[in-house]
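Shown next: coords04.tsv, given as TSV, C-alpha atoms.
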chain	number	residue	atom	x	y	z
A	24	MET	CA	0.00	0.00	0.00
A	25	ARG	CA	2.82	2.36	0.86
A	26	ALA	CA	4.44	1.76	-2.50
A	27	ARG	CA	1.19	2.59	-4.27
A	28	ILE	CA	0.93	5.84	-2.35
A	29	ASP	CA	4.51	6.74	-3.23
A	30	LEU	CA	3.92	6.01	-6.88
A	31	GLY	CA	0.92	8.27	-6.74
A	32	PHE	CA	3.07	11.10	-5.46
A	33	ALA	CA	5.78	10.42	-7.99
A	34	ALA	CA	3.28	10.83	-10.80
A	35	ASP	CA	1.98	14.10	-9.41
A	36	SER	CA	2.82	17.36	-11.09
A	37	ASP	CA	5.09	19.82	-9.37
A	38	GLU	CA	2.17	22.15	-8.93
A	39	ALA	CA	0.15	19.49	-7.13
A	40	LEU	CA	3.07	18.67	-4.88
A	41	VAL	CA	3.63	22.33	-4.03
A	42	LYS	CA	-0.02	22.65	-3.11
A	43	ARG	CA	0.19	19.62	-0.83
A	44	ALA	CA	3.46	20.77	0.68
A	45	GLY	CA	1.83	24.12	1.36
A	46	GLU	CA	-0.93	22.27	3.18
A	47	GLY	CA	1.59	20.56	5.41
A	48	ASP	CA	2.24	17.33	3.53
A	49	ARG	CA	5.83	16.49	4.31
A	50	GLN	CA	5.92	13.60	1.87
A	51	ALA	CA	4.96	15.92	-0.96
A	52	ALA	CA	7.76	18.21	0.16
A	53	SER	CA	10.19	15.31	0.13
A	54	PHE	CA	9.20	14.45	-3.44
A	55	LEU	CA	9.83	18.02	-4.52
A	56	VAL	CA	13.23	17.90	-2.88
A	57	ALA	CA	14.11	14.59	-4.49
A	58	ARG	CA	12.94	15.79	-7.86
A	59	HIS	CA	14.64	19.19	-7.95
A	60	THR	CA	17.61	19.32	-5.59
A	61	ASP	CA	20.20	18.07	-8.07
A	62	LYS	CA	19.05	20.44	-10.80
A	63	ILE	CA	18.94	23.46	-8.52
A	64	TYR	CA	22.30	22.60	-7.01
A	65	ALA	CA	23.81	22.18	-10.47
A	66	VAL	CA	22.77	25.60	-11.65
A	67	CYS	CA	23.87	27.15	-8.34
A	68	PHE	CA	27.23	25.42	-8.54
A	69	ARG	CA	27.80	26.46	-12.12
A	70	THR	CA	26.85	30.03	-11.33
A	71	LEU	CA	28.71	30.38	-8.03
A	72	ARG	CA	31.60	28.00	-8.81
A	73	ASN	CA	31.80	27.07	-5.14
A	74	ARG	CA	30.44	23.90	-3.59
A	75	ALA	CA	29.58	25.27	-0.14
A	76	ALA	CA	28.03	28.44	-1.53
A	77	ALA	CA	26.01	26.38	-4.00
A	78	GLU	CA	24.70	24.17	-1.20
A	79	ASP	CA	23.70	27.23	0.80
A	80	ALA	CA	21.98	28.73	-2.21
A	81	THR	CA	20.13	25.50	-2.88
A	82	GLN	CA	19.01	25.26	0.72
A	83	GLU	CA	17.94	28.90	0.69
A	84	THR	CA	15.97	28.32	-2.51
A	85	PHE	CA	13.93	25.57	-0.92
A	86	LEU	CA	13.53	27.56	2.28
A	87	ARG	CA	11.84	30.28	0.26
A	88	LEU	CA	9.69	27.62	-1.33
A	89	TRP	CA	8.58	26.28	2.03
A	90	VAL	CA	7.78	29.77	3.29
A	91	ASN	CA	5.69	30.52	0.21
A	92	ALA	CA	4.31	27.10	-0.71
A	93	SER	CA	0.88	27.70	0.78
A	94	LYS	CA	0.52	30.89	-1.26
A	95	TRP	CA	2.26	29.93	-4.46
A	96	ARG	CA	0.20	30.42	-7.60
A	97	PRO	CA	1.30	29.32	-11.08
A	98	GLN	CA	0.59	32.73	-12.66
A	99	GLY	CA	1.54	31.34	-16.04
A	100	ALA	CA	5.00	30.18	-15.04
A	101	LYS	CA	6.02	26.56	-14.62
A	102	PHE	CA	7.01	25.68	-11.10
A	103	GLU	CA	10.47	24.58	-12.18
A	104	THR	CA	11.05	27.88	-13.94
A	105	TRP	CA	9.92	29.66	-10.78
A	106	LEU	CA	12.32	27.62	-8.67
A	107	TYR	CA	15.24	28.20	-11.04
A	108	ARG	CA	14.49	31.88	-10.95
A	109	VAL	CA	14.52	31.99	-7.16
A	110	ALA	CA	17.83	30.11	-7.18
A	111	MET	CA	19.33	32.39	-9.78
A	112	ASN	CA	18.17	35.43	-7.84
A	113	ILE	CA	19.89	34.10	-4.73
A	114	CYS	CA	23.07	33.26	-6.63
A	115	LEU	CA	23.33	36.68	-8.21
A	116	ASP	CA	22.68	38.35	-4.87
A	117	GLN	CA	25.43	36.21	-3.41
A	118	LEU	CA	27.86	37.14	-6.16
A	119	ARG	CA	27.07	40.82	-5.80
A	120	LYS	CA	27.57	40.60	-2.06
A	121	THR	CA	30.82	38.73	-2.46
A	122	LYS	CA	32.05	41.24	-4.98
A	123	ARG	CA	31.15	44.11	-2.69
A	124	GLU	CA	32.70	42.63	0.43
A	125	ALA	CA	35.71	40.85	-0.99
A	126	PRO	CA	36.51	42.09	-4.46
A	127	GLU	CA	39.85	40.35	-4.42
A	128	GLU	CA	38.04	37.03	-4.19
A	129	ALA	CA	35.22	37.82	-6.56
A	130	ALA	CA	37.15	37.33	-9.76
A	131	PRO	CA	38.41	33.77	-9.68
A	132	GLU	CA	40.39	34.15	-12.85
A	133	ARG	CA	43.68	32.40	-12.43
A	134	ALA	CA	46.86	34.05	-13.52
A	135	ASP	CA	48.21	30.68	-14.54
A	136	SER	CA	45.77	30.20	-17.37
A	137	ALA	CA	48.37	29.35	-19.97
A	138	PRO	CA	48.52	25.72	-21.01
A	139	ARG	CA	50.90	23.55	-19.05
A	140	GLN	CA	52.93	21.51	-21.48
A	141	ASP	CA	54.09	18.94	-18.96
A	142	ASP	CA	50.68	17.43	-18.19
A	143	ALA	CA	48.71	18.51	-21.23
A	144	LEU	CA	47.61	14.97	-21.92
A	145	LEU	CA	46.20	14.27	-18.48
A	146	ALA	CA	42.53	13.56	-18.61
A	147	GLY	CA	41.72	16.17	-16.00
A	148	GLU	CA	43.53	18.94	-17.79
A	149	LYS	CA	40.73	19.55	-20.24
A	150	ARG	CA	38.16	19.63	-17.47
A	151	LEU	CA	40.29	22.06	-15.49
A	152	ALA	CA	40.70	24.31	-18.50
A	153	VAL	CA	36.96	24.44	-19.08
A	154	ASP	CA	36.23	25.02	-15.40
A	155	GLU	CA	38.69	27.90	-15.35
A	156	ALA	CA	37.32	29.35	-18.54
A	157	LEU	CA	33.78	29.21	-17.17
A	158	GLU	CA	34.93	30.97	-14.02
A	159	THR	CA	36.22	33.90	-16.00
A	160	LEU	CA	32.86	34.59	-17.63
A	161	PRO	CA	30.63	37.36	-16.31
A	162	ALA	CA	27.98	35.82	-14.09
A	163	ARG	CA	25.09	36.45	-16.48
A	164	GLN	CA	26.85	34.79	-19.39
A	165	ARG	CA	27.78	31.84	-17.20
A	166	ALA	CA	24.21	31.57	-15.96
A	167	ALA	CA	22.83	31.62	-19.49
A	168	ILE	CA	25.15	28.82	-20.58
A	169	SER	CA	24.38	26.88	-17.43
A	170	LEU	CA	20.63	27.07	-18.01
A	171	CYS	CA	20.67	26.36	-21.75
A	172	HIS	CA	23.61	24.02	-22.28
A	173	TYR	CA	23.76	22.13	-19.01
A	174	GLN	CA	20.20	22.26	-17.69
A	175	GLU	CA	18.78	22.14	-21.21
A	176	LEU	CA	16.05	24.64	-20.51
A	177	SER	CA	14.24	26.02	-23.52
A	178	ASN	CA	15.30	29.48	-24.59
A	179	ILE	CA	11.94	30.81	-23.45
A	180	ASP	CA	12.22	29.25	-20.00
A	181	ALA	CA	15.85	30.31	-19.59
A	182	ALA	CA	14.99	33.86	-20.57
A	183	GLU	CA	12.17	33.84	-18.05
A	184	VAL	CA	14.46	32.53	-15.32
A	185	MET	CA	16.90	35.32	-16.03
A	186	GLY	CA	14.24	37.98	-16.42
A	187	VAL	CA	15.41	38.96	-19.89
A	188	SER	CA	14.07	38.70	-23.43
A	189	VAL	CA	14.93	35.73	-25.62
A	190	GLU	CA	17.02	38.06	-27.78
A	191	ALA	CA	18.98	39.22	-24.73
A	192	LEU	CA	19.46	35.61	-23.67
A	193	GLU	CA	20.83	34.72	-27.11
A	194	SER	CA	23.20	37.65	-26.87
A	195	LEU	CA	24.44	36.45	-23.48
A	196	LEU	CA	24.88	32.93	-24.84
A	197	ALA	CA	26.75	34.10	-27.93
A	198	ARG	CA	29.05	36.40	-25.97
A	199	GLY	CA	29.73	33.73	-23.40
A	200	ARG	CA	30.48	31.08	-25.99
A	201	ARG	CA	32.68	33.47	-27.94
A	202	ALA	CA	34.68	34.27	-24.80
A	203	LEU	CA	35.06	30.57	-24.03
A	204	ARG	CA	36.15	29.85	-27.58
A	205	ASP	CA	38.71	32.66	-27.49
A	206	ARG	CA	40.09	31.31	-24.26
A	207	LEU	CA	40.03	27.62	-25.02
A	208	MET	CA	40.97	27.52	-28.71
A	209	PRO	CA	44.58	28.55	-28.13
A	210	MET	CA	44.86	25.75	-25.59
A	211	ARG	CA	43.86	22.99	-27.98
A	212	GLU	CA	47.42	22.05	-28.76
A	213	SER	CA	48.46	21.62	-25.17
A	214	LEU	CA	45.24	19.85	-24.25
A	215	THR	CA	45.49	17.31	-27.03
A	216	GLY	CA	49.16	17.16	-27.75
A	217	LYS	CA	48.78	17.96	-31.42
A	218	MET	CA	47.05	20.32	-33.77
A	219	SER	CA	44.94	19.44	-36.71
A	220	ASP	CA	43.67	21.27	-39.75
A	221	ASP	CA	40.22	20.13	-38.74
A	222	PRO	CA	38.96	22.67	-36.19
A	223	SER	CA	37.03	20.04	-34.29
A	224	ALA	CA	39.41	17.14	-34.56
A	225	ASN	CA	41.19	17.84	-31.31
A	226	TRP	CA	38.17	18.79	-29.28
A	227	GLY	CA	36.33	15.57	-28.78
B	24	MET	CA	9.83	20.55	-47.49
B	25	THR	CA	11.05	23.97	-48.49
B	26	ARG	CA	14.62	24.59	-49.41
B	27	PRO	CA	16.42	26.99	-47.08
B	28	GLN	CA	16.98	30.43	-48.44
B	29	THR	CA	20.62	31.33	-48.54
B	30	GLY	CA	20.52	35.09	-48.59
B	31	ASP	CA	22.88	37.04	-46.39
B	32	LYS	CA	20.14	37.66	-43.88
B	33	GLU	CA	19.28	33.98	-43.52
B	34	LEU	CA	22.93	33.03	-43.37
B	35	ALA	CA	23.50	35.55	-40.60
B	36	ALA	CA	20.48	34.28	-38.71
B	37	ALA	CA	21.71	30.70	-38.94
B	38	LYS	CA	25.16	31.77	-37.78
B	39	ASN	CA	23.59	33.61	-34.85
B	40	CYS	CA	21.84	30.40	-33.85
B	41	ILE	CA	25.13	28.50	-34.02
B	42	ASP	CA	26.80	31.20	-31.94
B	43	ALA	CA	24.09	31.07	-29.29
B	44	TYR	CA	22.99	27.44	-29.19
B	45	GLY	CA	26.01	25.55	-30.46
B	46	GLY	CA	26.77	23.23	-33.30
B	47	ASP	CA	24.25	20.50	-32.56
B	48	ILE	CA	21.00	21.64	-34.11
B	49	GLU	CA	19.10	19.04	-32.09
B	50	ARG	CA	19.77	21.28	-29.10
B	51	TRP	CA	18.39	24.36	-30.81
B	52	PRO	CA	14.92	25.73	-30.09
B	53	GLU	CA	12.45	24.06	-32.40
B	54	ASP	CA	11.52	27.19	-34.30
B	55	ALA	CA	15.17	28.05	-34.95
B	56	ARG	CA	15.88	24.48	-36.01
B	57	ASN	CA	12.98	24.51	-38.43
B	58	ALA	CA	13.94	27.86	-39.88
B	59	TYR	CA	17.73	27.64	-40.05
B	60	GLY	CA	18.77	24.08	-39.21
B	61	ALA	CA	19.25	22.98	-42.80
B	62	LEU	CA	21.25	26.10	-43.56
B	63	ALA	CA	23.43	25.52	-40.53
B	64	MET	CA	24.22	22.05	-41.85
B	65	SER	CA	25.23	23.39	-45.24
B	66	ASP	CA	28.79	23.85	-46.45
B	67	ALA	CA	28.44	27.60	-46.13
B	68	LEU	CA	28.53	27.36	-42.34
B	69	ALA	CA	30.55	24.18	-41.95
B	70	SER	CA	33.51	25.80	-40.25
B	71	GLU	CA	31.32	27.74	-37.82
B	72	ARG	CA	29.36	24.63	-36.95
B	73	GLU	CA	32.47	22.52	-36.45
B	74	ALA	CA	34.02	25.13	-34.19
B	75	ALA	CA	30.79	25.31	-32.20
B	76	LEU	CA	30.70	21.52	-31.91
B	77	ALA	CA	34.23	21.63	-30.62
B	78	LEU	CA	33.21	24.11	-27.95
B	79	ASP	CA	30.17	21.97	-27.08
B	80	ALA	CA	32.52	19.06	-26.50
B	81	PHE	CA	34.69	21.21	-24.28
B	82	LEU	CA	31.66	22.34	-22.26
B	83	ASP	CA	30.64	18.73	-21.77
B	84	ALA	CA	34.04	18.07	-20.24
B	85	ALA	CA	33.45	20.52	-17.38
B	86	THR	CA	33.18	19.23	-13.85
B	87	ALA	CA	29.76	17.73	-13.22
B	88	PRO	CA	28.20	19.10	-10.05
B	89	LYS	CA	27.57	16.43	-7.46
B	90	THR	CA	25.33	17.14	-4.52
B	91	ALA	CA	26.41	16.29	-1.02
B	92	ASP	CA	24.87	13.12	0.35
B	93	ASP	CA	23.05	14.94	3.13
B	94	LEU	CA	21.88	18.01	1.20
B	95	GLN	CA	18.36	16.69	0.66
B	96	ARG	CA	18.10	15.82	4.35
B	97	ARG	CA	19.21	19.33	5.33
B	98	ILE	CA	16.69	20.88	2.94
B	99	LEU	CA	13.87	18.77	4.32
B	100	ALA	CA	14.92	19.68	7.85
B	101	ASP	CA	13.96	23.26	6.97
B	102	TYR	CA	10.43	22.22	6.04
B	103	ARG	CA	7.73	23.17	8.52
B	104	PRO	CA	4.06	22.39	7.97
B	105	PRO	CA	2.00	25.57	7.92
B	106	ALA	CA	0.16	24.38	11.02
B	107	ASP	CA	3.36	25.06	12.88
B	108	ARG	CA	3.28	28.62	11.70
B	109	THR	CA	-0.21	29.83	12.62
B	110	GLY	CA	-1.48	31.60	15.69
B	111	TRP	CA	0.54	33.70	18.11
B	112	LEU	CA	3.21	31.13	18.75
B	113	GLY	CA	3.11	30.23	15.10
B	114	ALA	CA	3.96	33.79	14.18
B	115	ILE	CA	7.10	33.55	16.26
B	116	SER	CA	7.77	30.16	14.71
B	117	ALA	CA	7.31	31.68	11.27
B	118	SER	CA	9.74	34.39	12.21
B	119	LEU	CA	12.29	31.84	13.30
B	120	TYR	CA	11.51	29.82	10.19
B	121	GLY	CA	12.91	32.55	8.05
B	122	LEU	CA	16.02	32.47	10.16
B	123	GLY	CA	16.83	28.98	8.96
B	124	GLY	CA	19.24	30.35	6.42
B	125	PHE	CA	20.70	32.79	8.90
B	126	LEU	CA	21.77	30.03	11.23
B	127	ARG	CA	23.72	28.22	8.57
B	128	PRO	CA	27.38	28.95	7.96
B	129	ALA	CA	27.97	31.49	5.22
B	130	PRO	CA	24.25	32.10	4.83
B	131	VAL	CA	22.64	33.48	1.74
B	132	GLY	CA	19.90	36.03	2.22
B	133	ALA	CA	20.11	35.69	5.95
B	134	PHE	CA	19.91	39.36	6.67
B	135	ALA	CA	16.83	39.65	4.52
B	136	SER	CA	15.31	36.76	6.44
B	137	LEU	CA	16.20	38.44	9.72
B	138	ALA	CA	14.64	41.70	8.65
B	139	ILE	CA	11.50	39.96	7.48
B	140	ALA	CA	11.31	37.89	10.64
B	141	GLY	CA	11.58	40.99	12.79
B	142	PHE	CA	9.01	42.72	10.68
B	143	ILE	CA	6.59	39.84	11.10
B	144	ALA	CA	7.25	39.57	14.82
B	145	GLY	CA	6.60	43.27	15.19
B	146	ALA	CA	3.32	42.93	13.37
B	147	VAL	CA	1.80	40.49	15.84
B	148	THR	CA	-1.15	42.17	17.49
B	149	ASP	CA	-2.51	41.72	20.99
B	150	GLY	CA	-4.91	39.11	19.70
B	151	GLY	CA	-2.10	37.07	18.31
B	152	ALA	CA	-2.98	37.60	14.64
B	153	LEU	CA	-0.79	39.12	11.99
B	154	ASP	CA	-1.74	42.44	10.50
B	155	PRO	CA	-2.99	41.32	7.07
B	156	GLU	CA	-1.16	44.11	5.29
B	157	ILE	CA	2.08	43.28	7.01
B	158	GLU	CA	1.62	39.60	6.31
B	159	ALA	CA	1.04	40.33	2.65
B	160	TYR	CA	4.11	42.52	2.57
B	161	ALA	CA	6.18	39.81	4.20
B	162	TYR	CA	4.98	37.36	1.59
B	163	LEU	CA	5.97	39.65	-1.21
B	164	GLU	CA	9.35	40.17	0.36
B	165	THR	CA	10.07	36.49	0.65
B	166	ASP	CA	8.70	36.04	-2.84
B	167	GLY	CA	10.75	38.99	-3.92
B	168	PHE	CA	12.02	37.69	-7.23
B	169	ALA	CA	8.68	38.23	-8.91
B	170	GLU	CA	8.28	41.72	-7.55
B	171	ALA	CA	11.85	42.59	-8.37
B	172	ALA	CA	11.40	41.36	-11.91
B	173	ASP	CA	8.26	43.39	-12.34
B	174	ASN	CA	10.10	46.46	-11.14
B	175	GLU	CA	13.18	45.72	-13.20
B	176	GLU	CA	15.13	45.19	-10.02
B	177	PHE	CA	16.13	41.66	-10.80
B	178	PRO	CA	19.77	41.51	-9.79
B	179	TRP	CA	21.43	41.31	-13.12
B	180	GLY	CA	24.26	43.76	-13.44
B	181	ALA	CA	25.52	44.92	-16.78
B	182	ASP	CA	28.16	42.66	-18.25
Whole structure given in structure tokens:
Amino acid sequence: MRARIDLGFAADSDEALVKRAGEGDRQAASFLVARHTDKIYAVCFRTLRNRAAAEDATQETFLRLWVNASKWRPQGAKFETWLYRVAMNICLDQLRKTKREAPEEAAPERADSAPRQDDALLAGEKRLAVDEALETLPARQRAAISLCHYQELSNIDAAEVMGVSVEALESLLARGRRALRDRLMPMRESLTGKMSDDPSANWG
Amino acid sequence: MTRPQTGDKELAAAKNCIDAYGGDIERWPEDARNAYGALAMSDALASEREAALALDAFLDAATAPKTADDLQRRILADYRPPADRTGWLGAISASLYGLGGFLRPAPVGAFASLAIAGFIAGAVTDGGALDPEIEAYAYLETDGFAEAADNEEFPWGAD
């Protein structure tokens, strides 16, 4: 019987679960947490680039959900878009606060961004290069790439999360990708050990 | 099926889609894919698409976020049924509820929670009920993203 009840919850829409959580149903709340924590944490982590800060932001996002669950109304927006937007709001507030209070720590760009010839072939080198390149992006560009490329939100949903038009989102994406390309392209040789005439041959 | 037009305008639009959404047209928005997907796959934009695919591959190599084992438990620990937050004592509980973030290390939005909690606590009347206007205000504050967006105060700085 318990399994049947659980399956019933699992099939429920987010909106139904929020309503039940707002009425005091802890199990509905637990399903929302199970369903969305990883996604919210991922976008927080990719925006903040810090594990502890991302966990705090994720926890804060759900705290705001709990506080507002009994009053939440769809108002045309999908719940998940709403939740992403709350998370993004918190992340950007956090970044602004960090920048204001500790500007020397707000720009995580590493001086040692040049390719290191000695371990260019290590598997982790490529990941490190991408992580560093992502860190150097302005927060909005990083957020746009996080939402569209990693979270695979539609352009309309991502624009809604960020509170911008679709055209502005596309501009953020294009600028972010261009900056990443400018930063990573020169590193292809050291990351793969050889160059090729084919622009994509060394990138796989 | 209509053949894609290859005027400069269409070519530029297809290139813009590659620039924004990458080299894999399956990941493009459906309307963009329908309008410019075939053009993006043409020889005219082959180099742009290949470079974008290369960047896509790089992006996929980034560190995958992994949540801490106890994060879900911590999030659920913050959950309080609304029954715990009604009445006179509930108002205090609600105030403390908003402090959940404040009590964590390196809290996010804790000062806002504290301000809201104090505001709510101050709004409790002799009868133990919240002033409806204050309660509504508190709700809007905690739900601030929507209000901020409406007022163009959403915290996106210029890049």
Rank nothing, just name the residue among A:Leu86, A:Ala181, A:Leu118, A:Leu170 nearest to chain B, using only C-alpha atoms.
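Nearest to chain B: A:Leu86.
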Please indicate the distance in Å from CA of Ala84 in chain B to CA of His172 in chain A, rounded to one decimal place.
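So the answer is 12.2 Å.
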Pick out the residues sitting within 12 Å of range 50-61 of chain B, and hand them over as a ChimeraX atom specification; count all atoms listed in the file, and ignore anything fewer than 6 positions along from it in its own chain.
/A:171-181,189,193 /B:24-30,32-44,67-69,72,76,79
Find, counting only C-alpha atoms, the residue in A:Ala197, A:Ala77, A:Cys67, A:Leu40 that gets nearest to chain B.
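Ranking A:Ala197, A:Ala77, A:Cys67, A:Leu40 by distance to chain B, first place goes to A:Ala197.
A straight line drawn from CA of Val187 in chain A to CA of Pro161 in chain A is 15.7 Å long.
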Near Phe81 in chain B, counting all atoms listed in the file, which residues have an atom at most 9 Å away, once you skip same-chain residues fewer than 4 positions from it, shown as a list in words?
Lys149, Arg150, Ala152, Val153, Leu207, Trp226 and Gly227 of chain A; Leu76, Ala77 and Ala85 of chain B
Just the residues within 10 Å of Leu195 in chain A, please, counting only C-alpha atoms, with nothing from its chain fewer than 6 positions along; format it as a ChimeraX atom specification.
/A:161,163-168,189,201 /B:43,182
Between CA of Glu83 in chain A and CA of Ile113 in chain A, what distance in Å does the model show, to one decimal?
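Going from CA of Glu83 in chain A over to CA of Ile113 in chain A covers 7.8 Å.
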Residue nearest chain B - candidates A:Leu196, A:Met111, A:Leu55, A:Ala39, atoms counted: all atoms listed in the file:
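Looking at the shortest contact to chain B, the residue is A:Leu196.
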